[in-house]
Amino acid sequence: MINALNKDNFHKYVDSMRFALYCITHPLDGFWDLTHEKRGTYAAANTILFLTLLIRVMKLRYTSFIFMTVYWEGINIFLYIASVAFPLAMFVVGNWGLTTLFDGKGRLGQVYMASCYALTPYPLIQFPLMIFSNFVTVDEAEFYMVVSALSLLWAAMLFIAAMGQIHEFGLAKNLLFMVASLFAMLVIVFILLLFFSMISQGVAYFISMGKEIMFRL
């Protein structure tokens with residue numbers, strides 16, 4: 001019984017990973033089925049996000065120096081990973097928070113899942129491009145840059161299509177809320193900075209108070 005359930009879960013995971021390829025080639029139908037027909041899984045979404053972060057880190061090491069010069073002394077891998085994961089988290093929360101107020105149909109988990117699936121072109125294109133970079137010359141750099149930009153543009157268009165299908169918005173309304181989500185991300189950053197600033201000031205106050213008490217004692 002347990003083996004059968006594990007096998008079913010594995011097959012569902014494989015199907016949901018394969019479905020990511022359908023989403024990036026048929027975004028309107030794909031992202032609708034992703035959540036409304038429950039064709040996607042969180043396991044596949046997490047895998048795509050992990051591969052995106054992994055490829056981003058691998059590019060530092062394995063991309064030819066012709067296209068990327070890395071100063072390892074100034075690289076913090078955790079911050080480098082956070083430069084993708086943190087904005088993605090802010091977008092998911094910001095988009096869900098705004099659309100919930102204006103009749104958006106998508107739930108927080110669905111927004112996260114669709115966002116991760118929209119990242120699929122990045123690892124799919126950047127991994128072979130990373131290998132390809134070690135076999136081309138400077139004269140062929142333009143091809144590399146165009147294909148690299150294509151992966152980002154493709155992912156951005158998939159984000160727009162995904163949010164429209166998840167929330168059941170028309171094109172104009174969806175674009176409006178995509179832009180509004182970017183402003184929501186700035187608001188979240190401001191609130192977080194304000195929160196941590198207050199925390200640091202509070203901690204500093206109690207530390208100075210403790211030092212004063214110790215001094216007087």
# chains A, B, ... in the order shown; residues from 1 in each chain; ligands from 1
$ select_by_dssp --residues "range 14-124 of chain A" --states "alpha helix (DSSP H)" --output "VMD selection string"
chain A and resid 14 to 25 27 to 36 42 to 62 77 to 101 108 to 118 121 to 124
$ residues_around --residues "Phe169 in chain A" --least-positions-apart "2" --cutoff "12 Å" --atoms "only C-alpha atoms" --output "PyMOL selection string"
chain A and resi 28+32+99+102-106+160-167+171-178
$ write_last_selection --atoms "N, CA and C atoms" --output "PDB file, in the first residue's frame"
ATOM      1  N   LEU A  28      -0.970  30.054 -21.841  1.00  0.00           N
ATOM      2  CA  LEU A  28      -2.348  30.343 -21.440  1.00  0.00           C
ATOM      3  C   LEU A  28      -3.066  29.076 -20.981  1.00  0.00           C
ATOM      4  N   TRP A  32      -3.400  27.790 -16.817  1.00  0.00           N
ATOM      5  CA  TRP A  32      -4.773  27.559 -16.362  1.00  0.00           C
ATOM      6  C   TRP A  32      -4.898  26.148 -15.779  1.00  0.00           C
ATOM      7  N   THR A  99      -3.835  41.410  -5.284  1.00  0.00           N
ATOM      8  CA  THR A  99      -4.921  40.822  -6.071  1.00  0.00           C
ATOM      9  C   THR A  99      -6.047  40.303  -5.178  1.00  0.00           C
ATOM     10  N   PHE A 102      -8.646  42.843  -4.821  1.00  0.00           N
ATOM     11  CA  PHE A 102      -9.373  43.227  -6.035  1.00  0.00           C
ATOM     12  C   PHE A 102      -9.856  42.008  -6.810  1.00  0.00           C
ATOM     13  N   ASP A 103     -10.428  41.075  -6.076  1.00  0.00           N
ATOM     14  CA  ASP A 103     -11.098  39.907  -6.666  1.00  0.00           C
ATOM     15  C   ASP A 103     -10.175  38.974  -7.435  1.00  0.00           C
ATOM     16  N   GLY A 104      -8.902  38.937  -7.071  1.00  0.00           N
ATOM     17  CA  GLY A 104      -8.012  37.951  -7.674  1.00  0.00           C
ATOM     18  C   GLY A 104      -8.367  36.555  -7.191  1.00  0.00           C
ATOM     19  N   LYS A 105      -8.349  35.577  -8.093  1.00  0.00           N
ATOM     20  CA  LYS A 105      -8.775  34.224  -7.747  1.00  0.00           C
ATOM     21  C   LYS A 105      -7.650  33.360  -7.178  1.00  0.00           C
ATOM     22  N   GLY A 106      -6.418  33.760  -7.424  1.00  0.00           N
ATOM     23  CA  GLY A 106      -5.296  32.921  -7.026  1.00  0.00           C
ATOM     24  C   GLY A 106      -5.008  32.956  -5.537  1.00  0.00           C
ATOM     25  N   ILE A 160       3.826  37.063 -16.653  1.00  0.00           N
ATOM     26  CA  ILE A 160       2.621  37.836 -16.987  1.00  0.00           C
ATOM     27  C   ILE A 160       1.469  36.898 -17.329  1.00  0.00           C
ATOM     28  N   ALA A 161       1.757  35.893 -18.174  1.00  0.00           N
ATOM     29  CA  ALA A 161       0.709  34.942 -18.558  1.00  0.00           C
ATOM     30  C   ALA A 161       0.225  34.155 -17.346  1.00  0.00           C
ATOM     31  N   ALA A 162       1.145  33.746 -16.484  1.00  0.00           N
ATOM     32  CA  ALA A 162       0.789  32.946 -15.310  1.00  0.00           C
ATOM     33  C   ALA A 162      -0.134  33.713 -14.375  1.00  0.00           C
ATOM     34  N   MET A 163       0.203  34.966 -14.067  1.00  0.00           N
ATOM     35  CA  MET A 163      -0.619  35.750 -13.140  1.00  0.00           C
ATOM     36  C   MET A 163      -1.993  36.037 -13.726  1.00  0.00           C
ATOM     37  N   GLY A 164      -2.045  36.248 -15.047  1.00  0.00           N
ATOM     38  CA  GLY A 164      -3.343  36.482 -15.678  1.00  0.00           C
ATOM     39  C   GLY A 164      -4.254  35.275 -15.570  1.00  0.00           C
ATOM     40  N   GLN A 165      -3.699  34.087 -15.768  1.00  0.00           N
ATOM     41  CA  GLN A 165      -4.506  32.865 -15.708  1.00  0.00           C
ATOM     42  C   GLN A 165      -4.851  32.484 -14.279  1.00  0.00           C
ATOM     43  N   ILE A 166      -3.926  32.695 -13.365  1.00  0.00           N
ATOM     44  CA  ILE A 166      -4.170  32.339 -11.966  1.00  0.00           C
ATOM     45  C   ILE A 166      -5.285  33.200 -11.368  1.00  0.00           C
ATOM     46  N   HIS A 167      -5.219  34.498 -11.642  1.00  0.00           N
ATOM     47  CA  HIS A 167      -6.195  35.422 -11.042  1.00  0.00           C
ATOM     48  C   HIS A 167      -7.414  35.660 -11.921  1.00  0.00           C
ATOM     49  N   LEU A 171      -6.001  41.224 -19.916  1.00  0.00           N
ATOM     50  CA  LEU A 171      -4.633  41.649 -20.174  1.00  0.00           C
ATOM     51  C   LEU A 171      -4.313  42.987 -19.514  1.00  0.00           C
ATOM     52  N   ALA A 172      -5.203  43.983 -19.705  1.00  0.00           N
ATOM     53  CA  ALA A 172      -4.942  45.321 -19.159  1.00  0.00           C
ATOM     54  C   ALA A 172      -4.873  45.286 -17.633  1.00  0.00           C
ATOM     55  N   LYS A 173      -5.827  44.609 -17.019  1.00  0.00           N
ATOM     56  CA  LYS A 173      -5.861  44.529 -15.558  1.00  0.00           C
ATOM     57  C   LYS A 173      -4.663  43.752 -15.029  1.00  0.00           C
ATOM     58  N   ASN A 174      -4.283  42.710 -15.754  1.00  0.00           N
ATOM     59  CA  ASN A 174      -3.138  41.904 -15.327  1.00  0.00           C
ATOM     60  C   ASN A 174      -1.848  42.716 -15.381  1.00  0.00           C
ATOM     61  N   LEU A 175      -1.635  43.471 -16.471  1.00  0.00           N
ATOM     62  CA  LEU A 175      -0.442  44.304 -16.584  1.00  0.00           C
ATOM     63  C   LEU A 175      -0.412  45.370 -15.494  1.00  0.00           C
ATOM     64  N   LEU A 176      -1.581  45.926 -15.189  1.00  0.00           N
ATOM     65  CA  LEU A 176      -1.666  46.937 -14.132  1.00  0.00           C
ATOM     66  C   LEU A 176      -1.223  46.349 -12.794  1.00  0.00           C
ATOM     67  N   PHE A 177      -1.674  45.145 -12.499  1.00  0.00           N
ATOM     68  CA  PHE A 177      -1.321  44.538 -11.218  1.00  0.00           C
ATOM     69  C   PHE A 177       0.105  44.002 -11.201  1.00  0.00           C
ATOM     70  N   MET A 178       0.665  43.688 -12.361  1.00  0.00           N
ATOM     71  CA  MET A 178       2.078  43.320 -12.404  1.00  0.00           C
ATOM     72  C   MET A 178       2.939  44.512 -12.017  1.00  0.00           C
TER      73      MET A 178
END
$ residues_around --residues "range 67-71 of chain A" --least-positions-apart "2" --cutoff "10 Å" --atoms "only C-alpha atoms" --output "list in words"
Lys59, Leu60, Arg61, Tyr62, Thr63, Ser64, Phe65, Glu73, Gly74, Ile75, Met130, Ser133, Asn134, Thr137, Val138, Ala141, Tyr144 and Met145 of chain A
$ closest_residue --among "A:Val92, A:Ile131, A:Ile188, A:Ala114" --to "Ser16 in chain A" --atoms "only C-alpha atoms"
A:Ala114
$ atom_distance --atom1 "CA of Ile24 in chain A" --atom2 "CA of Val84 in chain A"
19.9 Å
$ closest_residue --among "A:Leu53, A:Lys7, A:Lys211, A:Ala155" --to "Leu79 in chain A" --atoms "only C-alpha atoms"
A:Leu53
$ closest_residue --among "A:Val136, A:Met198, A:Cys116, A:Leu150" --to "Phe31 in chain A" --atoms "only C-alpha atoms"
A:Cys116
